[in-house]
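> This is the structure I want to talk about, given as structure tokens.
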Amino acid sequence: MKIPSQQSNNISLDDDVLVKNCQRGDMESMALLITRYQDRLYNAIIKICSNPEDAAELTQEAFVKVIENITKFRSRSSFYTWLFRVGVNLTITYCKRRNKIRTSSLDAPLDSQQENAQNQLSAYLACKEKADPSVLVQDKEIREILMDTLSNLDDNYRVVLVLRDIEGMSYQEIADVLEVELGTVKSRISRARSELKERLQT
């Protein structure tokens with residue numbers, strides 16, 4: 001979406017101000033919010049549904065729902081959290097309904113580069129002091145193995161790992177996005193990492 005030139009003056013406005021502007025009918029502010037978050041939301045969704053076309057459609061659908069319901073938003077959470085709640089819920093529902101989650105064989109032999117990447121990923125998961133999650137997706141081999149393995153996890157596990165270890169959300173942010181208790185998030189992440197590590201080692 002092309003941002004009107006007038007928006008250049010609003011580029012530094014925080015989300016709360018932009019949301020209030022949107023609720024008064026200012027679509028320039030909505031265009032700025034879309035530009036601010038569309039890539040981030042798309043990148044999270046594609047790691048959940050594993051399909052670029054589906055991810056693009058779901059990202060667009062999420063923003064359509066946000067636009068339609070912006071006047072109902074009461075700022076009980078941040079706009080970012082609300083947007084991700086909408087997007088993640090749409091993605092989970094879509095994947096379950098249409099069975100779009102890509103599966104891949106974990107039994108295929110790995111070449112030396114893939115094996116090294118898998119070892120690095122296993123080491124990351126075993127490390128108590130986590131490094132920057134973004135490092136995981138900078139290496140092509142690690143990213144491919146991570147995405148292939150993630151695609152075989154249960155929906156609930158895959159989502160929390162994407163939000164925590166790739167998107168970099170806090171536990172509380174994930175709880176707000178998924179509308180579950182903080183303890184549930186911590187439990188799911190722990191179990192998800194254990195299952196992911198187990199799958200990588202088989």
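Letters A, B, ... go to the chains of the structure tokens in the order shown; residues in each chain start at 1; ligands are counted from 1 in the same order.
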Go through segment 51-108 of chain A and flag each residue having an atom no more than 10 Å from segment 157-165 of chain A; for those, report the closest pair of atoms plus their distance in Å to one decimal, using only C-alpha atoms, ordered by chain and rising number, as a tab-separated table.


residue	atom	partner	partner_atom	distance
A:Phe84	CA	A:Leu163	CA	9.5
A:Val88	CA	A:Val159	CA	7.9
A:Asn89	CA	A:Val159	CA	10.0
A:Thr91	CA	A:Val159	CA	9.7
A:Ile92	CA	A:Val159	CA	8.4

> Could you name the residues that touch segment 36-47 of chain A at 8 Å or less, counting only C-alpha atoms, but leaving out those on the same chain fewer than 4 positions away, as a list of chain:residue names?

A:Leu32, A:Asn51, A:Pro52, A:Asp54, A:Ala55, A:Ala56, A:Leu58, A:Thr59, A:Tyr80, A:Phe84, A:Gly87, A:Val88, A:Thr91, A:Met147, A:Val162, A:Leu163, A:Ile166, A:Glu167

> Output all heavy atoms for every residue in the selection just made, as a compact mmCIF listing (two decimals), in the first residue's frame.


# COMPACT_ATOMS: atom_id res chain seq x y z
N LEU A 32 -0.24 3.83 7.61
CA LEU A 32 1.06 3.83 8.27
C LEU A 32 1.21 2.63 9.20
O LEU A 32 2.27 2.00 9.26
CB LEU A 32 1.24 5.14 9.05
CG LEU A 32 2.60 5.32 9.74
CD1 LEU A 32 3.74 5.19 8.74
CD2 LEU A 32 2.66 6.68 10.42
N ASN A 51 3.42 -21.50 3.77
CA ASN A 51 3.04 -21.31 2.37
C ASN A 51 2.96 -19.81 2.08
O ASN A 51 2.16 -19.11 2.68
CB ASN A 51 1.69 -21.98 2.09
CG ASN A 51 1.29 -21.88 0.63
OD1 ASN A 51 0.95 -20.80 0.15
ND2 ASN A 51 1.30 -23.00 -0.07
N PRO A 52 3.81 -19.31 1.16
CA PRO A 52 3.85 -17.87 0.91
C PRO A 52 2.52 -17.27 0.45
O PRO A 52 2.14 -16.18 0.89
CB PRO A 52 4.91 -17.74 -0.21
CG PRO A 52 5.75 -18.96 -0.07
CD PRO A 52 4.82 -20.03 0.39
N ASP A 54 -0.57 -18.44 0.98
CA ASP A 54 -1.50 -18.45 2.10
C ASP A 54 -1.14 -17.35 3.10
O ASP A 54 -2.02 -16.65 3.63
CB ASP A 54 -1.47 -19.80 2.82
CG ASP A 54 -2.08 -20.90 1.97
OD1 ASP A 54 -2.75 -20.58 0.97
OD2 ASP A 54 -1.88 -22.08 2.32
N ALA A 55 0.16 -17.19 3.37
CA ALA A 55 0.60 -16.18 4.33
C ALA A 55 0.22 -14.78 3.87
O ALA A 55 -0.21 -13.95 4.67
CB ALA A 55 2.11 -16.29 4.55
N ALA A 56 0.38 -14.52 2.58
CA ALA A 56 0.01 -13.20 2.04
C ALA A 56 -1.48 -12.95 2.19
O ALA A 56 -1.91 -11.86 2.59
CB ALA A 56 0.43 -13.10 0.58
N LEU A 58 -3.55 -14.39 4.34
CA LEU A 58 -3.92 -14.30 5.75
C LEU A 58 -3.49 -12.96 6.35
O LEU A 58 -4.21 -12.39 7.19
CB LEU A 58 -3.28 -15.46 6.53
CG LEU A 58 -3.92 -16.83 6.25
CD1 LEU A 58 -2.98 -17.95 6.69
CD2 LEU A 58 -5.26 -16.95 6.95
N THR A 59 -2.34 -12.46 5.92
CA THR A 59 -1.90 -11.14 6.38
C THR A 59 -2.87 -10.07 5.94
O THR A 59 -3.27 -9.20 6.73
CB THR A 59 -0.49 -10.84 5.84
OG1 THR A 59 0.43 -11.84 6.29
CG2 THR A 59 -0.01 -9.46 6.32
N TYR A 80 -0.10 -3.76 18.45
CA TYR A 80 0.75 -4.84 17.95
C TYR A 80 0.25 -6.20 18.43
O TYR A 80 0.12 -7.15 17.66
CB TYR A 80 2.18 -4.59 18.40
CG TYR A 80 3.13 -5.75 18.35
CD1 TYR A 80 3.70 -6.15 17.14
CD2 TYR A 80 3.50 -6.43 19.51
CE1 TYR A 80 4.60 -7.21 17.10
CE2 TYR A 80 4.39 -7.48 19.47
CZ TYR A 80 4.94 -7.87 18.27
OH TYR A 80 5.82 -8.92 18.23
N PHE A 84 -1.50 -9.17 16.10
CA PHE A 84 -0.97 -10.53 16.06
C PHE A 84 -1.99 -11.54 16.56
O PHE A 84 -2.04 -12.68 16.08
CB PHE A 84 0.33 -10.63 16.87
CG PHE A 84 1.55 -10.43 16.02
CD1 PHE A 84 1.89 -9.17 15.57
CD2 PHE A 84 2.35 -11.50 15.66
CE1 PHE A 84 2.99 -8.97 14.77
CE2 PHE A 84 3.46 -11.31 14.86
CZ PHE A 84 3.79 -10.04 14.41
N GLY A 87 -4.15 -12.07 13.53
CA GLY A 87 -3.43 -12.81 12.49
C GLY A 87 -3.15 -14.25 12.85
O GLY A 87 -3.33 -15.16 12.04
N VAL A 88 -2.70 -14.49 14.07
CA VAL A 88 -2.37 -15.85 14.51
C VAL A 88 -3.63 -16.71 14.59
O VAL A 88 -3.63 -17.87 14.16
CB VAL A 88 -1.63 -15.82 15.86
CG1 VAL A 88 -1.55 -17.22 16.46
CG2 VAL A 88 -0.22 -15.25 15.68
N THR A 91 -4.68 -17.70 11.19
CA THR A 91 -3.76 -18.68 10.62
C THR A 91 -3.99 -20.07 11.20
O THR A 91 -4.02 -21.07 10.46
CB THR A 91 -2.31 -18.25 10.87
OG1 THR A 91 -2.12 -16.93 10.34
CG2 THR A 91 -1.33 -19.20 10.19
N MET A 147 12.38 -24.66 9.87
CA MET A 147 11.04 -24.56 9.30
C MET A 147 10.47 -25.94 8.98
O MET A 147 9.29 -26.21 9.21
CB MET A 147 11.07 -23.70 8.03
CG MET A 147 11.39 -22.23 8.25
SD MET A 147 10.27 -21.41 9.42
CE MET A 147 11.31 -21.37 10.88
N VAL A 162 7.32 -19.96 17.24
CA VAL A 162 7.45 -18.88 16.26
C VAL A 162 7.40 -17.53 16.97
O VAL A 162 8.24 -16.65 16.73
CB VAL A 162 6.35 -18.96 15.18
CG1 VAL A 162 6.31 -17.67 14.35
CG2 VAL A 162 6.59 -20.16 14.26
N LEU A 163 6.44 -17.36 17.86
CA LEU A 163 6.29 -16.08 18.55
C LEU A 163 7.44 -15.79 19.51
O LEU A 163 7.89 -14.64 19.62
CB LEU A 163 4.96 -16.05 19.31
CG LEU A 163 3.69 -16.12 18.45
CD1 LEU A 163 2.45 -16.06 19.32
CD2 LEU A 163 3.66 -15.01 17.40
N ILE A 166 11.43 -16.88 17.31
CA ILE A 166 11.67 -16.23 16.02
C ILE A 166 11.19 -14.79 16.05
O ILE A 166 11.92 -13.87 15.70
CB ILE A 166 11.00 -17.02 14.87
CG1 ILE A 166 11.60 -18.43 14.79
CG2 ILE A 166 11.17 -16.28 13.54
CD1 ILE A 166 10.95 -19.32 13.76
N GLU A 167 9.95 -14.59 16.51
CA GLU A 167 9.42 -13.23 16.57
C GLU A 167 10.01 -12.45 17.75
O GLU A 167 10.09 -11.22 17.72
CB GLU A 167 7.89 -13.29 16.68
CG GLU A 167 7.19 -11.96 16.78
CD GLU A 167 7.40 -11.09 15.55
OE1 GLU A 167 7.73 -11.62 14.47
OE2 GLU A 167 7.26 -9.86 15.68

> Using only C-alpha atoms, pick whichever of A:Leu83, A:Val19, A:Ile34, A:Ile48 has the shortest atom-to-atom distance to Thr149 of chain A.

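Comparing A:Leu83, A:Val19, A:Ile34, A:Ile48 against Thr149 of chain A, the winner is A:Ile48.
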
> Per residue of segment 44-82 of chain A within 10 Å of segment 177-189 of chain A, which atom pair is closest and at what distance in Å (one decimal), using only C-alpha atoms, listed by chain and increasing number, as CSV?


residue,atom,partner,partner_atom,distance
A:Ser77,CA,A:Val177,CA,9.0
A:Ser78,CA,A:Val177,CA,10.0
A:Tyr80,CA,A:Val177,CA,9.2
A:Thr81,CA,A:Val177,CA,5.6
A:Trp82,CA,A:Val177,CA,6.6

> Measuring between only C-alpha atoms, which one of A:Lys20, A:Thr93, A:Asp154, A:Thr35 shows the shortest distance to Arg191 of chain A?

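So, comparing all the options, the nearest one is A:Asp154.
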
> List every residue of segment 35-102 of chain A that DSSP, applied to the backbone of this structure, places in helix (DSSP H, G or I), and write the result as a PyMOL selection string.

chain A and resi 35-49+52-72+79-98

> How many Å lie between atom CA of Leu18 of chain A and atom CA of Glu53 of chain A, rounded to one decimal?

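Interatomic distance here is 28.9 Å.
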
> Any idea what the distance is between atom CA of Ile67 of chain A and atom CA of Met30 of chain A?

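Those two atoms sit 7.6 Å apart.
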
> Just the number, please: distance in Å from atom CA of Glu28 of chain A to atom CA of Glu57 of chain A, one decimal.

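Going from atom CA of Glu28 of chain A over to atom CA of Glu57 of chain A, I get 21.9 Å.
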